[in-house]
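Trainee: Have a look at this one before I ask anything.
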Amino acid sequence: MAYSSTVMEHFTHPRNVGKIDGADGVGEVGNAKCGDIMKMYLKIDGDVITDVKFNTFGCGAAIATSSMATELIKGKTVGEALTLTNKAVVEALDGLPAVKLHCSVLAEEAVKAAIADYYIKNGQEPPPETVTAGHDCDECDIHGH
Ligand code: FES
């Protein structure tokens, strides 16, 4: 399966690239297997994500999925962003080749890690939805992805 035109478009023109100084939540995740790293910054006003930026050192699919993930959570509430799944990111991108699905998992994890950091910064326990254990690439490989 080749990359969809939406993936190519987000890869060549990624949205929301950069860094937010004084971000309310910062999440950094990596995939030990491919070595790719994704860092996500959130600006949260009240309960709404008013700004989001990312930096991804990784493959094209990792860049496209982080770009799409930022678009999907911008302007949403923290609670809505917590329901973001890698599947929703993949669907919004009109699909990803199976071998690249783990890249979308990194995007979901980065959003959740940034939200967890937001809770911690506010002296609160991060909600259970921020825990994304079980989404690792070894597991994907076992299932033949
Ligand atoms: Fe690692 Fe894409 S190959 S995130």
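By convention here, the chains of the structure tokens are called A, B, ... in the order presented, each chain's residues are numbered starting at 1, and ligands are numbered starting at 1 in the order presented.
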With a cut-off of 7 Å, could you pull out the residues of chain A touching ligand 1 and give me the nearest pair of atoms for each, distance in Å to one decimal, using only C-alpha atoms and all ligand atoms, ordered by chain and ascending number, as a Markdown table?
Mentor:
```
| residue | atom | partner | partner_atom_place_in_ligand_line | distance |
| --- | --- | --- | --- | --- |
| A:Asn31 | CA | ligand 1 | 1 (Fe) | 6.2 |
| A:Cys34 | CA | ligand 1 | 1 (Fe) | 4.5 |
| A:Gly35 | CA | ligand 1 | 1 (Fe) | 6.4 |
| A:Asp36 | CA | ligand 1 | 1 (Fe) | 4.9 |
| A:Gly58 | CA | ligand 1 | 4 (S) | 5.7 |
| A:Cys59 | CA | ligand 1 | 2 (Fe) | 4.6 |
| A:Gly60 | CA | ligand 1 | 2 (Fe) | 6.8 |
| A:Ala61 | CA | ligand 1 | 2 (Fe) | 5.4 |
| A:Ala62 | CA | ligand 1 | 4 (S) | 4.7 |
| A:Lys100 | CA | ligand 1 | 2 (Fe) | 5.8 |
| A:His102 | CA | ligand 1 | 4 (S) | 6.2 |
| A:Cys103 | CA | ligand 1 | 4 (S) | 3.7 |
| A:Leu106 | CA | ligand 1 | 4 (S) | 6.4 |
```
Trainee: Could you take the residues named above and write them with N, CA and C atoms, as a compact mmCIF listing (two decimals), in the first residue's frame?
Mentor:
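File written: again.txt
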```
# COMPACT_ATOMS: atom_id res chain seq x y z
N ASN A 31 10.16 5.60 20.16
CA ASN A 31 10.00 4.19 19.87
C ASN A 31 11.38 3.57 19.85
N CYS A 34 12.58 1.82 16.30
CA CYS A 34 13.01 2.59 15.13
C CYS A 34 13.83 3.80 15.52
N GLY A 35 13.79 4.16 16.83
CA GLY A 35 14.60 5.29 17.29
C GLY A 35 13.95 6.63 17.08
N ASP A 36 12.71 6.65 16.57
CA ASP A 36 12.05 7.92 16.31
C ASP A 36 11.56 8.56 17.61
N GLY A 58 11.78 11.77 13.03
CA GLY A 58 11.38 10.41 12.66
C GLY A 58 11.01 10.31 11.20
N CYS A 59 10.38 9.21 10.90
CA CYS A 59 10.05 8.88 9.51
C CYS A 59 8.93 9.79 9.00
N GLY A 60 8.65 9.71 7.72
CA GLY A 60 7.61 10.52 7.10
C GLY A 60 6.25 10.27 7.72
N ALA A 61 5.95 9.01 8.01
CA ALA A 61 4.65 8.69 8.59
C ALA A 61 4.54 9.26 10.00
N ALA A 62 5.64 9.29 10.72
CA ALA A 62 5.62 9.86 12.08
C ALA A 62 5.34 11.36 12.00
N LYS A 100 3.55 0.86 8.91
CA LYS A 100 3.71 2.22 9.45
C LYS A 100 2.69 2.55 10.53
N HIS A 102 2.59 1.72 13.56
CA HIS A 102 3.21 2.05 14.85
C HIS A 102 3.57 3.53 14.94
N CYS A 103 3.78 4.16 13.80
CA CYS A 103 4.11 5.59 13.80
C CYS A 103 2.92 6.40 14.33
N LEU A 106 2.71 6.37 18.05
CA LEU A 106 3.59 7.37 18.67
C LEU A 106 2.86 8.71 18.80
```
Trainee: Do you know which residues are at most 8 Å from stretch 116-123 of chain A counting only C-alpha atoms, after dropping those on the same chain fewer than 2 positions away, and could you put them as a ChimeraX atom specification?
Mentor: /A:24-27,112-114,125-127,130
Trainee: Go ahead and save the residues from that selection, with all heavy atoms, as a compact mmCIF listing (two decimals), in the first residue's frame.
Mentor:
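In the end it all went to selection.txt:
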```
# COMPACT_ATOMS: atom_id res chain seq x y z
N ASP A 24 1.78 24.40 28.73
CA ASP A 24 1.12 23.87 29.93
C ASP A 24 1.31 22.37 30.06
O ASP A 24 1.13 21.81 31.14
CB ASP A 24 -0.38 24.20 29.87
CG ASP A 24 -0.61 25.71 29.86
OD1 ASP A 24 -0.14 26.37 30.80
OD2 ASP A 24 -1.22 26.22 28.90
N GLY A 25 1.66 21.74 28.97
CA GLY A 25 1.93 20.30 29.02
C GLY A 25 2.90 19.95 27.91
O GLY A 25 2.75 20.42 26.78
N VAL A 26 3.91 19.15 28.23
CA VAL A 26 4.88 18.72 27.23
C VAL A 26 5.02 17.21 27.33
O VAL A 26 5.16 16.67 28.43
CB VAL A 26 6.27 19.37 27.47
CG1 VAL A 26 7.26 18.92 26.39
CG2 VAL A 26 6.16 20.88 27.49
N GLY A 27 4.95 16.56 26.21
CA GLY A 27 5.10 15.11 26.21
C GLY A 27 6.16 14.69 25.22
O GLY A 27 6.19 15.19 24.10
N LYS A 112 -1.06 12.02 24.66
CA LYS A 112 -1.41 11.59 26.01
C LYS A 112 -0.32 11.92 27.02
O LYS A 112 -0.62 12.28 28.17
CB LYS A 112 -1.77 10.11 26.00
CG LYS A 112 -3.06 9.94 25.22
CD LYS A 112 -3.65 8.57 25.23
CE LYS A 112 -5.05 8.66 24.61
NZ LYS A 112 -5.62 7.36 24.33
N ALA A 113 0.92 11.81 26.59
CA ALA A 113 2.03 12.16 27.50
C ALA A 113 2.00 13.64 27.83
O ALA A 113 2.25 14.06 28.97
CB ALA A 113 3.36 11.78 26.85
N ALA A 114 1.65 14.47 26.84
CA ALA A 114 1.58 15.92 27.08
C ALA A 114 0.43 16.25 28.02
O ALA A 114 0.55 17.12 28.89
CB ALA A 114 1.43 16.66 25.74
N GLU A 125 -3.27 13.98 39.69
CA GLU A 125 -2.97 12.63 39.19
C GLU A 125 -3.42 12.56 37.72
O GLU A 125 -4.56 12.90 37.41
CB GLU A 125 -3.79 11.65 40.02
CG GLU A 125 -3.51 10.21 39.77
CD GLU A 125 -2.29 9.71 40.53
OE1 GLU A 125 -1.83 10.39 41.48
OE2 GLU A 125 -1.81 8.66 40.16
N PRO A 126 -2.55 12.14 36.77
CA PRO A 126 -3.00 12.04 35.38
C PRO A 126 -4.12 10.99 35.26
O PRO A 126 -4.06 9.96 35.93
CB PRO A 126 -1.76 11.58 34.62
CG PRO A 126 -0.61 11.84 35.52
CD PRO A 126 -1.14 11.79 36.92
N PRO A 127 -5.13 11.24 34.44
CA PRO A 127 -6.21 10.26 34.31
C PRO A 127 -5.71 8.96 33.67
O PRO A 127 -4.72 8.97 32.93
CB PRO A 127 -7.23 10.97 33.40
CG PRO A 127 -6.50 12.08 32.76
CD PRO A 127 -5.32 12.42 33.62
N THR A 130 -4.46 8.42 30.03
CA THR A 130 -3.16 8.86 29.52
C THR A 130 -2.17 7.71 29.46
O THR A 130 -1.10 7.84 28.88
CB THR A 130 -2.55 9.98 30.40
OG1 THR A 130 -2.46 9.52 31.74
CG2 THR A 130 -3.37 11.25 30.33
```
Trainee: So, counting only C-alpha atoms, which residue among A:Thr77, A:Ile37, A:Gly22, A:Ser5 is closest to A:Val105?
Mentor: A:Ile37
Trainee: Determine which residues of chain A receive a DSSP assignment of strand (DSSP E), computed from the backbone, and state them as a PyMOL selection string.
Mentor: chain A and resi 25-30+37-45+48-57
Trainee: For N, CA, C and O atoms, I'd like the residues from the last selection saved as a short mmCIF file (atom, residue, chain, number, x, y, z; two decimals), in the first residue's frame.
Mentor:
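In the end it all went to part_11.cif:
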```
data_model
loop_
_atom_site.label_atom_id
_atom_site.label_comp_id
_atom_site.auth_asym_id
_atom_site.auth_seq_id
_atom_site.Cartn_x
_atom_site.Cartn_y
_atom_site.Cartn_z
N GLY A 25 1.66 21.74 28.97
CA GLY A 25 1.93 20.30 29.02
C GLY A 25 2.90 19.95 27.91
O GLY A 25 2.75 20.42 26.78
N VAL A 26 3.91 19.15 28.23
CA VAL A 26 4.88 18.72 27.23
C VAL A 26 5.02 17.21 27.33
O VAL A 26 5.16 16.67 28.43
N GLY A 27 4.95 16.56 26.21
CA GLY A 27 5.10 15.11 26.21
C GLY A 27 6.16 14.69 25.22
O GLY A 27 6.19 15.19 24.10
N GLU A 28 7.02 13.80 25.64
CA GLU A 28 8.02 13.29 24.71
C GLU A 28 7.96 11.78 24.74
O GLU A 28 8.00 11.17 25.80
N VAL A 29 7.82 11.20 23.58
CA VAL A 29 7.78 9.74 23.50
C VAL A 29 8.73 9.28 22.41
O VAL A 29 9.06 10.03 21.49
N GLY A 30 9.15 8.05 22.53
CA GLY A 30 10.05 7.50 21.53
C GLY A 30 9.73 6.06 21.29
O GLY A 30 9.09 5.41 22.11
N ILE A 37 11.60 9.89 17.63
CA ILE A 37 11.20 10.64 18.82
C ILE A 37 10.19 11.71 18.43
O ILE A 37 10.35 12.37 17.40
N MET A 38 9.17 11.88 19.28
CA MET A 38 8.13 12.87 19.03
C MET A 38 7.94 13.70 20.30
O MET A 38 7.84 13.13 21.39
N LYS A 39 7.92 15.00 20.13
CA LYS A 39 7.71 15.86 21.28
C LYS A 39 6.51 16.76 20.99
O LYS A 39 6.43 17.36 19.92
N MET A 40 5.59 16.83 21.94
CA MET A 40 4.33 17.57 21.74
C MET A 40 4.17 18.60 22.84
O MET A 40 4.45 18.32 24.01
N TYR A 41 3.77 19.82 22.45
CA TYR A 41 3.57 20.93 23.41
C TYR A 41 2.12 21.37 23.37
O TYR A 41 1.57 21.57 22.27
N LEU A 42 1.53 21.57 24.53
CA LEU A 42 0.13 22.02 24.59
C LEU A 42 0.01 23.32 25.36
O LEU A 42 0.65 23.49 26.40
N LYS A 43 -0.82 24.20 24.85
CA LYS A 43 -1.20 25.40 25.58
C LYS A 43 -2.66 25.18 25.93
O LYS A 43 -3.49 24.92 25.05
N ILE A 44 -2.97 25.24 27.21
CA ILE A 44 -4.34 24.93 27.64
C ILE A 44 -4.91 26.10 28.42
O ILE A 44 -4.29 26.59 29.36
N ASP A 45 -6.08 26.54 27.98
CA ASP A 45 -6.74 27.67 28.61
C ASP A 45 -8.07 27.18 29.17
O ASP A 45 -8.94 26.77 28.40
N VAL A 48 -9.52 24.07 27.49
CA VAL A 48 -9.44 23.97 26.03
C VAL A 48 -7.99 24.05 25.54
O VAL A 48 -7.21 24.89 26.02
N ILE A 49 -7.66 23.19 24.60
CA ILE A 49 -6.31 23.21 24.01
C ILE A 49 -6.30 24.32 22.97
O ILE A 49 -6.85 24.17 21.88
N THR A 50 -5.71 25.43 23.34
CA THR A 50 -5.76 26.60 22.45
C THR A 50 -4.62 26.58 21.44
O THR A 50 -4.71 27.21 20.40
N ASP A 51 -3.55 25.88 21.77
CA ASP A 51 -2.44 25.80 20.81
C ASP A 51 -1.71 24.48 21.03
O ASP A 51 -1.67 23.94 22.13
N VAL A 52 -1.15 23.99 19.96
CA VAL A 52 -0.39 22.74 20.03
C VAL A 52 0.70 22.77 18.97
O VAL A 52 0.49 23.25 17.86
N LYS A 53 1.88 22.33 19.38
CA LYS A 53 3.01 22.29 18.44
C LYS A 53 3.74 20.96 18.64
O LYS A 53 3.67 20.35 19.71
N PHE A 54 4.46 20.56 17.61
CA PHE A 54 5.22 19.31 17.77
C PHE A 54 6.55 19.40 17.04
O PHE A 54 6.73 20.18 16.12
N ASN A 55 7.44 18.55 17.51
CA ASN A 55 8.71 18.32 16.83
C ASN A 55 8.89 16.82 16.74
O ASN A 55 8.80 16.13 17.75
N THR A 56 9.09 16.33 15.56
CA THR A 56 9.27 14.90 15.39
C THR A 56 10.57 14.62 14.65
O THR A 56 10.82 15.20 13.60
N PHE A 57 11.37 13.79 15.27
CA PHE A 57 12.59 13.34 14.61
C PHE A 57 12.30 11.91 14.21
O PHE A 57 12.45 10.99 15.00
#
```
Trainee: Counting only C-alpha atoms, figure out which residue out of A:Val90, A:Ile20, A:Ala32, A:Val78 gets nearest to A:Ile115.
Mentor: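 Once distances to A:Ile115 are computed over only C-alpha atoms, the minimum belongs to A:Val78.
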Trainee: Could you check the closest approach to A:Val17 for each of A:Asn86, A:Ser104, A:Thr132, A:Thr70 and tell me which residue wins, using only C-alpha atoms?
Mentor: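 Of A:Asn86, A:Ser104, A:Thr132, A:Thr70, the one nearest A:Val17, counting only C-alpha atoms, is A:Thr70.
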